[in-house]
$ cat query12.csv   # CSV, C-alpha atoms
chain,number,residue,atom,x,y,z
A,268,MET,CA,48.9,-17.3,40.3
A,269,LYS,CA,49.0,-19.0,36.9
A,270,LYS,CA,45.6,-19.8,35.5
A,271,SER,CA,46.8,-23.3,34.9
A,272,GLU,CA,47.3,-23.7,38.7
A,273,LEU,CA,43.8,-22.4,39.3
A,274,PHE,CA,42.4,-24.9,36.8
A,275,GLU,CA,44.2,-27.8,38.6
A,276,GLU,CA,42.8,-26.7,41.9
A,277,ILE,CA,39.3,-26.4,40.5
A,278,ALA,CA,39.6,-29.8,39.0
A,279,ASP,CA,40.4,-31.2,42.5
A,280,ILE,CA,37.7,-29.3,44.3
A,281,PHE,CA,34.9,-30.2,41.9
A,282,GLU,CA,36.4,-33.6,40.9
A,283,LEU,CA,36.4,-32.8,37.2
A,284,GLU,CA,37.9,-35.4,35.0
A,285,GLU,CA,37.9,-33.3,31.8
A,286,GLU,CA,40.4,-30.5,31.2
A,287,VAL,CA,39.3,-27.3,33.0
A,288,ASN,CA,39.2,-23.9,31.3
A,289,GLU,CA,37.5,-20.6,31.9
A,290,GLU,CA,34.3,-21.9,30.3
A,291,THR,CA,34.0,-25.1,32.4
A,292,THR,CA,30.7,-25.3,34.1
A,293,ILE,CA,30.8,-25.8,37.9
A,294,SER,CA,28.1,-26.2,40.5
A,295,VAL,CA,29.0,-24.9,44.0
A,296,ASP,CA,27.5,-27.2,46.7
A,297,SER,CA,28.1,-26.7,50.4
A,298,LEU,CA,31.3,-28.8,50.5
A,299,ALA,CA,32.7,-27.1,47.4
A,300,LEU,CA,31.9,-23.7,49.0
A,301,LEU,CA,33.9,-24.6,52.1
A,302,SER,CA,36.8,-25.6,49.8
A,303,LEU,CA,36.6,-22.4,47.8
A,304,ILE,CA,36.5,-20.4,51.0
A,305,ALA,CA,39.7,-22.0,52.2
A,306,PHE,CA,41.3,-21.7,48.7
A,307,PHE,CA,40.4,-18.0,48.3
A,308,ASP,CA,41.6,-17.2,51.9
A,309,GLU,CA,45.0,-18.8,51.4
A,310,ASN,CA,45.7,-17.7,47.9
A,311,PHE,CA,44.1,-14.3,47.6
A,312,GLY,CA,43.5,-13.3,51.3
A,313,MET,CA,39.8,-13.0,50.6
A,314,GLN,CA,37.0,-13.9,52.9
A,315,LEU,CA,34.5,-15.5,50.5
A,316,THR,CA,30.9,-16.0,51.6
A,317,GLY,CA,28.0,-18.0,50.3
A,318,SER,CA,26.4,-14.9,48.7
A,319,ASP,CA,29.5,-14.2,46.7
A,320,THR,CA,29.2,-17.6,44.9
A,321,LYS,CA,25.4,-17.6,44.5
A,322,ASN,CA,25.6,-16.7,40.8
A,323,VAL,CA,28.7,-18.7,40.0
A,324,SER,CA,28.2,-21.2,37.1
A,325,LYS,CA,31.5,-21.1,35.3
A,326,VAL,CA,35.2,-21.0,36.3
A,327,THR,CA,35.4,-17.5,34.8
A,328,ASP,CA,32.9,-16.3,37.4
A,329,LEU,CA,35.5,-17.3,40.1
A,330,ILE,CA,38.2,-15.5,38.3
A,331,LYS,CA,36.1,-12.3,38.3
A,332,ILE,CA,35.5,-12.6,42.1
A,333,ALA,CA,39.2,-13.0,42.8
A,334,GLY,CA,40.1,-10.3,40.3
A,335,PRO,CA,41.5,-11.2,36.8
A,336,GLU,CA,44.7,-9.2,37.5
A,337,LYS,CA,45.7,-11.9,40.0
A,338,PHE,CA,46.2,-14.5,37.2
A,339,SER,CA,48.9,-14.8,34.6
B,77,MET,CA,42.5,-30.1,103.7
B,78,ASP,CA,40.1,-27.3,104.7
B,79,SER,CA,37.1,-27.5,102.4
B,80,LYS,CA,37.3,-23.7,101.8
B,81,GLU,CA,40.8,-24.2,100.4
B,82,LEU,CA,39.8,-27.2,98.2
B,83,PHE,CA,39.9,-25.3,94.9
B,84,THR,CA,42.7,-22.8,95.8
B,85,LEU,CA,45.7,-22.4,93.5
B,86,LYS,CA,47.6,-20.4,96.1
B,87,ASP,CA,51.4,-20.7,95.9
B,88,LYS,CA,51.2,-22.4,92.5
B,89,LEU,CA,52.9,-21.2,89.4
B,90,ILE,CA,50.7,-21.9,86.3
B,91,VAL,CA,51.9,-21.6,82.7
B,92,VAL,CA,49.1,-20.8,80.2
B,93,THR,CA,49.6,-20.8,76.4
B,94,GLY,CA,47.1,-19.0,74.1
B,95,ALA,CA,46.7,-16.6,77.0
B,96,SER,CA,46.0,-13.5,75.0
B,97,SER,CA,42.4,-14.3,74.2
B,98,GLY,CA,39.5,-16.7,74.7
B,99,ILE,CA,39.7,-19.7,76.9
B,100,GLY,CA,43.4,-19.1,77.7
B,101,LYS,CA,42.8,-15.6,78.8
B,102,ALA,CA,39.8,-16.6,81.0
B,103,THR,CA,41.8,-19.4,82.5
B,104,ALA,CA,44.8,-17.1,83.3
B,105,VAL,CA,42.5,-14.5,85.0
B,106,LEU,CA,40.7,-17.2,87.0
B,107,CYS,CA,43.9,-18.8,88.1
B,108,SER,CA,45.2,-15.5,89.4
B,109,GLN,CA,41.9,-14.9,91.3
B,110,LEU,CA,42.4,-18.3,92.9
B,111,GLY,CA,45.8,-17.3,94.1
B,112,ALA,CA,48.2,-18.5,91.5
B,113,ARG,CA,51.1,-16.7,89.9
B,114,VAL,CA,50.6,-17.0,86.1
B,115,VAL,CA,53.0,-17.0,83.2
B,116,LEU,CA,51.1,-15.9,80.1
B,117,ILE,CA,52.3,-17.2,76.7
B,118,ALA,CA,51.1,-16.0,73.3
B,119,ARG,CA,52.5,-14.3,70.2
B,120,ASP,CA,51.2,-10.8,70.6
B,121,MET,CA,53.1,-8.9,73.3
B,122,GLU,CA,50.6,-6.0,73.4
B,123,ARG,CA,47.6,-8.2,74.0
B,124,LEU,CA,49.5,-10.2,76.6
B,125,GLN,CA,50.3,-6.9,78.4
B,126,SER,CA,46.6,-6.0,78.4
B,127,VAL,CA,45.6,-9.4,79.8
B,128,SER,CA,48.3,-9.2,82.5
B,129,GLU,CA,46.6,-5.9,83.7
B,130,GLU,CA,43.4,-7.9,84.3
B,131,LEU,CA,45.1,-10.4,86.6
B,132,ALA,CA,44.6,-10.4,90.4
B,133,GLY,CA,47.6,-10.4,92.7
B,134,ASP,CA,51.3,-10.2,91.9
B,135,GLY,CA,54.2,-12.2,90.5
B,136,HIS,CA,52.8,-12.8,87.0
B,137,SER,CA,54.9,-12.6,83.9
B,138,ILE,CA,54.4,-12.6,80.1
B,139,VAL,CA,56.3,-14.4,77.4
B,140,SER,CA,55.9,-13.7,73.7
B,141,TYR,CA,56.4,-16.9,71.8
B,142,ASP,CA,55.2,-18.3,68.5
B,143,LEU,CA,54.2,-21.9,69.1
B,144,THR,CA,54.8,-23.1,65.6
B,145,ASP,CA,58.5,-22.9,66.5
B,146,TYR,CA,58.4,-25.9,68.9
B,147,GLU,CA,62.2,-26.3,68.8
B,148,GLY,CA,62.6,-23.3,71.2
B,149,ILE,CA,60.0,-24.5,73.8
B,150,ALA,CA,62.5,-26.3,76.0
B,151,ASP,CA,64.7,-23.2,76.3
B,152,THR,CA,61.6,-21.0,77.0
B,153,VAL,CA,60.6,-23.3,79.9
B,154,LYS,CA,64.1,-23.2,81.2
B,155,SER,CA,64.0,-19.5,81.3
B,156,ILE,CA,60.6,-19.3,82.9
B,157,VAL,CA,61.8,-21.6,85.7
B,158,LYS,CA,65.0,-19.5,86.1
B,159,THR,CA,62.9,-16.3,86.5
B,160,SER,CA,59.8,-17.5,88.3
B,161,GLY,CA,60.7,-20.9,90.0
B,162,LYS,CA,59.4,-24.4,89.5
B,163,ILE,CA,56.1,-24.9,87.7
B,164,ASN,CA,53.0,-26.5,89.3
B,165,GLY,CA,50.6,-26.4,86.4
B,166,PHE,CA,50.4,-26.1,82.7
B,167,VAL,CA,47.4,-25.3,80.4
B,168,HIS,CA,47.7,-25.6,76.6
B,169,SER,CA,45.0,-23.4,75.3
B,170,ALA,CA,46.8,-22.3,72.1
B,171,GLY,CA,45.3,-23.8,69.0
B,172,ILE,CA,44.4,-23.1,65.4
B,173,SER,CA,41.4,-24.2,63.4
B,174,MET,CA,41.0,-24.3,59.7
B,175,THR,CA,37.9,-25.4,57.7
B,176,LEU,CA,39.4,-27.6,55.1
B,177,PRO,CA,37.2,-30.1,53.2
B,178,LEU,CA,39.1,-33.2,52.0
B,179,ARG,CA,39.6,-31.8,48.5
B,180,VAL,CA,41.8,-28.9,49.8
B,181,ASN,CA,43.2,-30.6,52.9
B,182,LYS,CA,46.8,-31.2,51.8
B,183,PRO,CA,49.5,-32.7,54.1
B,184,GLU,CA,51.2,-29.3,54.8
B,185,LYS,CA,47.9,-28.0,56.2
B,186,LEU,CA,47.5,-31.0,58.4
B,187,LEU,CA,51.0,-30.6,59.7
B,188,GLN,CA,50.5,-26.9,60.4
B,189,ILE,CA,47.5,-27.7,62.6
B,190,LEU,CA,49.3,-30.6,64.3
B,191,SER,CA,52.3,-28.4,65.0
B,192,VAL,CA,50.4,-25.9,67.1
B,193,ASN,CA,47.6,-28.1,68.5
B,194,LEU,CA,49.6,-31.2,69.3
B,195,ALA,CA,53.4,-31.0,68.9
B,196,SER,CA,53.8,-27.8,70.8
B,197,ALA,CA,51.5,-29.1,73.6
B,198,PHE,CA,53.5,-32.3,74.1
B,199,GLU,CA,56.8,-30.5,73.8
B,200,PHE,CA,55.7,-28.2,76.7
B,201,VAL,CA,54.7,-31.2,78.7
B,202,ARG,CA,58.1,-32.9,78.0
B,203,ALA,CA,60.0,-29.9,79.1
B,204,ILE,CA,57.9,-28.9,82.1
B,205,SER,CA,57.6,-32.4,83.5
B,206,MET,CA,61.4,-32.6,84.1
B,207,LYS,CA,62.3,-32.7,87.8
B,208,LYS,CA,64.4,-29.5,87.5
B,209,HIS,CA,61.4,-27.6,86.0
B,210,SER,CA,58.3,-28.7,88.0
B,211,GLU,CA,57.2,-29.8,91.4
B,212,ASP,CA,55.8,-33.3,92.1
B,213,SER,CA,52.0,-33.4,91.8
B,214,SER,CA,52.0,-30.9,89.0
B,215,SER,CA,48.9,-30.8,86.8
B,216,PHE,CA,48.8,-30.5,83.0
B,217,VAL,CA,45.6,-29.5,81.2
B,218,MET,CA,45.2,-29.8,77.4
B,219,ILE,CA,42.4,-27.9,75.9
B,220,SER,CA,41.1,-30.4,73.4
B,221,SER,CA,37.6,-30.1,71.8
B,222,ILE,CA,34.4,-32.0,71.4
B,223,MET,CA,35.7,-32.3,67.8
B,224,GLY,CA,38.3,-34.7,69.1
B,225,VAL,CA,35.4,-37.0,70.0
B,226,VAL,CA,32.9,-36.4,67.2
B,227,GLY,CA,33.3,-35.3,63.6
B,228,GLU,CA,32.4,-32.2,61.6
B,229,VAL,CA,32.4,-31.5,57.9
B,230,GLY,CA,35.6,-29.8,56.8
B,231,LEU,CA,37.4,-30.3,60.1
B,232,SER,CA,39.2,-33.6,59.6
B,233,SER,CA,42.7,-32.2,60.4
B,234,TYR,CA,41.4,-30.2,63.4
B,235,CYS,CA,39.4,-33.2,64.7
B,236,ALA,CA,42.5,-35.4,64.3
B,237,SER,CA,44.7,-33.0,66.2
B,238,LYS,CA,42.2,-32.8,69.1
B,239,GLY,CA,41.6,-36.5,69.1
B,240,ALA,CA,45.3,-37.1,69.3
B,241,LEU,CA,45.6,-34.8,72.3
B,242,ILE,CA,42.9,-37.0,74.0
B,243,SER,CA,44.6,-40.3,73.3
B,244,GLY,CA,48.1,-39.0,73.8
B,245,THR,CA,47.0,-37.6,77.2
B,246,LYS,CA,46.1,-41.1,78.4
B,247,ALA,CA,49.6,-42.5,77.5
B,248,LEU,CA,51.3,-39.5,79.1
B,249,ALA,CA,49.2,-40.0,82.3
B,250,LEU,CA,50.9,-43.4,82.7
B,251,GLU,CA,54.4,-41.8,82.4
B,252,LEU,CA,53.7,-38.8,84.6
B,253,GLY,CA,52.0,-40.8,87.4
B,254,THR,CA,55.4,-41.9,88.7
B,255,ARG,CA,55.8,-38.4,90.2
B,256,LYS,CA,52.1,-38.0,91.0
B,257,GLN,CA,51.9,-35.6,88.1
B,258,ARG,CA,48.6,-35.5,86.4
B,259,ILE,CA,47.4,-34.7,82.8
B,260,ASN,CA,43.9,-34.4,81.6
B,261,CYS,CA,42.0,-32.9,78.6
B,262,VAL,CA,39.1,-30.5,78.7
B,263,SER,CA,36.9,-30.7,75.6
B,264,PRO,CA,34.6,-27.8,74.9
B,265,ALA,CA,32.0,-27.5,72.2
B,266,MET,CA,31.3,-24.0,70.8
B,267,VAL,CA,32.5,-21.2,73.0
B,268,LYS,CA,32.0,-17.5,72.3
B,269,THR,CA,35.6,-16.6,71.4
B,270,GLU,CA,37.3,-14.6,68.7
B,271,MET,CA,38.1,-17.9,67.0
B,272,LEU,CA,34.4,-18.7,66.7
B,273,THR,CA,33.5,-15.2,65.5
B,274,ARG,CA,36.0,-15.6,62.7
B,275,GLU,CA,34.6,-19.0,61.8
B,276,PHE,CA,31.1,-17.6,61.8
B,277,SER,CA,31.8,-14.6,59.6
B,278,ILE,CA,31.3,-16.8,56.6
B,279,LEU,CA,28.0,-18.4,57.8
B,280,SER,CA,24.5,-17.3,57.2
B,281,VAL,CA,22.1,-16.5,60.1
B,282,GLN,CA,20.3,-19.8,59.5
B,283,GLN,CA,23.6,-21.8,59.7
B,284,ILE,CA,24.5,-20.1,63.0
B,285,GLU,CA,21.1,-20.7,64.4
B,286,SER,CA,21.3,-24.4,63.6
B,287,LYS,CA,24.7,-24.6,65.4
B,288,VAL,CA,23.2,-22.9,68.5
B,289,ALA,CA,20.3,-25.4,68.4
B,290,ARG,CA,22.8,-28.3,68.7
B,291,HIS,CA,23.8,-27.1,72.2
B,292,PRO,CA,21.0,-27.7,74.7
B,293,LEU,CA,22.6,-25.1,77.0
B,294,GLY,CA,23.5,-22.7,74.2
B,295,PHE,CA,27.1,-21.6,73.4
B,296,GLY,CA,29.5,-21.6,76.3
B,297,SER,CA,31.6,-18.7,77.6
B,298,PRO,CA,35.4,-18.9,78.0
B,299,GLU,CA,34.7,-18.7,81.8
B,300,ASP,CA,32.7,-21.9,81.6
B,301,ILE,CA,35.8,-23.7,80.4
B,302,ALA,CA,38.2,-21.9,82.7
B,303,ASN,CA,36.2,-23.2,85.7
B,304,SER,CA,36.8,-26.8,84.7
B,305,VAL,CA,40.4,-26.1,84.0
B,306,ALA,CA,40.9,-24.6,87.4
B,307,PHE,CA,39.4,-27.6,89.0
B,308,LEU,CA,41.8,-29.9,87.2
B,309,LEU,CA,44.7,-27.7,88.2
B,310,SER,CA,43.7,-27.7,91.9
B,311,ASP,CA,44.4,-30.4,94.5
B,312,ALA,CA,40.6,-31.1,94.5
B,313,SER,CA,41.2,-33.3,91.4
B,314,LYS,CA,44.3,-35.0,92.7
B,315,TRP,CA,43.1,-38.5,91.9
B,316,ILE,CA,42.0,-37.6,88.3
B,317,THR,CA,44.4,-38.3,85.5
B,318,GLY,CA,44.3,-39.5,81.9
B,319,THR,CA,40.7,-38.3,81.4
B,320,ASN,CA,38.9,-36.1,79.0
B,321,MET,CA,36.4,-33.8,80.7
B,322,ILE,CA,33.7,-32.9,78.2
B,323,VAL,CA,32.3,-29.4,78.8
B,324,ASP,CA,30.0,-28.9,75.9
B,325,GLY,CA,26.6,-27.6,77.0
B,326,GLY,CA,25.1,-30.9,76.1
B,327,TYR,CA,26.4,-30.9,72.5
B,328,SER,CA,27.3,-34.6,72.6
B,329,ALA,CA,24.3,-35.7,74.7
B,330,ARG,CA,22.2,-36.5,71.6
$ encode --input "query12.csv" --output "structure tokens"
Amino acid sequence: MKKSELFEEIADIFELEEEVNEETTISVDSLALLSLIAFFDENFGMQLTGSDTKNVSKVTDLIKIAGPEKFS
Amino acid sequence: MDSKELFTLKDKLIVVTGASSGIGKATAVLCSQLGARVVLIARDMERLQSVSEELAGDGHSIVSYDLTDYEGIADTVKSIVKTSGKINGFVHSAGISMTLPLRVNKPEKLLQILSVNLASAFEFVRAISMKKHSEDSSSFVMISSIMGVVGEVGLSSYCASKGALISGTKALALELGTRKQRINCVSPAMVKTEMLTREFSILSVQQIESKVARHPLGFGSPEDIANSVAFLLSDASKWITGTNMIVDGGYSAR
């Protein structure tokens, strides 16, 4: 997946109006978590759980969870 | 009718989708125990084979079919009738569920869910209800969900598909009544199936406990649902059509 596609998806999930990049701050509430679970399952075949995202504060943290090699 | 025979399915041919696991499997097993010949439909041939070994009596058959391909359903029904004879009952237990909050719920996801949960169900009803494929007084049972009546976060597409089954069933009841054919929904709340185990794998213990607490009678078993389905397939329910039987352990009582 292109990083730009991930950023677009993140903007939708977190309803961010500014341009998203790796350093964009995000706050994972319960609805965002459900959205991320669906997104990770579909795009990376990963079963995300609440504990995986406990320490997520920036977009780059999500990239680390998915595996940086999955992005171009 | 002899009261001992009230709930029998003897001499009936019942077609069950989603028969390889959960509610579909429990329904198929119970129907066979009540005397029916059962046609099991699901994708996985190996699992179907294993379910067929649990059936009582003879004359059952298995059909491997992917319900997302609803264009081939009419031909599948035709071939079932050719092999096993006219159909007396149909149970649509196949279904998919995806937790998709609004932000990630795109039209293609909605259509994917509707395709299995709704379009394939109605296509089976269309094909089976033809005179050449079914007996008069046949009974159709759609496995809907309590989520077709109430809402749940992240399940708008699933809820819509199950609600559509309930409302569509009412309209179909009017059309099928001319041949005394009946169609009803059964709407379970949370039932201990593989589908539920998959959904729960992402939840914490507290989240699971809170879901149990919403069911005054606890989670259901597939057999609890199969019992209601068998009733609706039997002649004991011959004056019931167009309804939605809620079997939810009290989930919607509050």
$ residues_around --input "query12.csv" --residues "Lys86 of chain B" --least-positions-apart "6" --cutoff "12 Å" --atoms "only C-alpha atoms" --output "PyMOL selection string"
chain B and resi 106-114+132-135+164-165+306+309-311
$ interface_residues --input "query12.csv" --of "chain A" --to "chain B" --cutoff "9 Å" --atoms "only C-alpha atoms" --output "list in words"
Glu276, Asp279, Ile280, Phe281, Glu282, Leu298, Ala299, Leu301, Ser302, Leu303, Ile304, Ala305, Phe306, Gln314, Leu315, Thr316 and Gly317 of chain A
$ closest_residue --input "query12.csv" --among "B:Leu190, B:Ala249, B:Cys235, B:Ile301" --to "Thr269 of chain B" --atoms "all atoms listed in the file"
B:Ile301
$ residues_around --input "query12.csv" --residues "Glu122 of chain B" --least-positions-apart "4" --cutoff "12 Å" --atoms "only C-alpha atoms" --output "JSON, numbers by chain"
{"B": [95, 96, 97, 116, 117, 118, 126, 127, 128, 129, 138, 139, 140]}
$ closest_residue --input "query12.csv" --among "A:Glu309, A:Asp319, A:Glu289, A:Asp296" --to "Lys185 of chain B" --atoms "only C-alpha atoms"
A:Glu309
$ residues_around --input "query12.csv" --residues "Lys207 of chain B" --least-positions-apart "2" --cutoff "12 Å" --atoms "only C-alpha atoms" --output "list in words"
Lys154, Val157, Lys162, Ile163, Asn164, Val201, Arg202, Ala203, Ile204, Ser205, His209, Ser210, Glu211, Asp212, Ser213, Ser214, Leu252, Thr254, Arg255, Lys256 and Gln257 of chain B
$ residues_around --input "query12.csv" --residues "Val323 of chain B" --least-positions-apart "5" --cutoff "9 Å" --atoms "only C-alpha atoms" --output "PDB file with C-alpha atoms, in the frame of the given file"
ATOM      1  CA  SER B 221      37.600 -30.100  71.800  1.00  0.00           C
ATOM      2  CA  ILE B 222      34.400 -32.000  71.400  1.00  0.00           C
ATOM      3  CA  VAL B 262      39.100 -30.500  78.700  1.00  0.00           C
ATOM      4  CA  SER B 263      36.900 -30.700  75.600  1.00  0.00           C
ATOM      5  CA  PRO B 264      34.600 -27.800  74.900  1.00  0.00           C
ATOM      6  CA  ALA B 265      32.000 -27.500  72.200  1.00  0.00           C
ATOM      7  CA  GLY B 296      29.500 -21.600  76.300  1.00  0.00           C
ATOM      8  CA  ASP B 300      32.700 -21.900  81.600  1.00  0.00           C
ATOM      9  CA  ILE B 301      35.800 -23.700  80.400  1.00  0.00           C
ATOM     10  CA  SER B 304      36.800 -26.800  84.700  1.00  0.00           C
TER      11      SER B 304
END
$ residues_around --input "query12.csv" --residues "Ser313 of chain B" --least-positions-apart "4" --cutoff "10 Å" --atoms "only C-alpha atoms" --output "compact mmCIF listing (two decimals) with C-alpha atoms, keeping the file's coordinate frame"
# COMPACT_ATOMS: atom_id res chain seq x y z
CA LEU B 82 39.80 -27.20 98.20
CA PHE B 83 39.90 -25.30 94.90
CA SER B 215 48.90 -30.80 86.80
CA ARG B 258 48.60 -35.50 86.40
CA ALA B 306 40.90 -24.60 87.40
CA PHE B 307 39.40 -27.60 89.00
CA LEU B 308 41.80 -29.90 87.20
CA LEU B 309 44.70 -27.70 88.20
CA THR B 317 44.40 -38.30 85.50
$ atom_distance --input "query12.csv" --atom1 "atom CA of Tyr234 of chain B" --atom2 "atom CA of Met206 of chain B"
28.9 Å
$ closest_residue --input "query12.csv" --among "A:Met268, A:Leu273, A:Met313, A:Leu300" --to "Val287 of chain A" --atoms "only C-alpha atoms"
A:Leu273
$ atom_distance --input "query12.csv" --atom1 "atom CA of Phe166 of chain B" --atom2 "atom CA of Met266 of chain B"
22.6 Å
$ closest_residue --input "query12.csv" --among "B:Val305, B:Ile172, B:Ile284, B:Leu89" --to "Met271 of chain B" --atoms "only C-alpha atoms"
B:Ile172
$ atom_distance --input "query12.csv" --atom1 "atom CA of Glu285 of chain A" --atom2 "atom CA of Ser232 of chain B"
27.8 Å
$ closest_residue --input "query12.csv" --among "B:Ser196, B:Gln283, B:Thr152, B:Thr273" --to "Leu241 of chain B" --atoms "all atoms listed in the file"
B:Ser196
$ closest_residue --input "query12.csv" --among "A:Thr320, A:Lys331, A:Lys325, A:Asn310" --to "Glu272 of chain A" --atoms "all atoms listed in the file"
A:Asn310
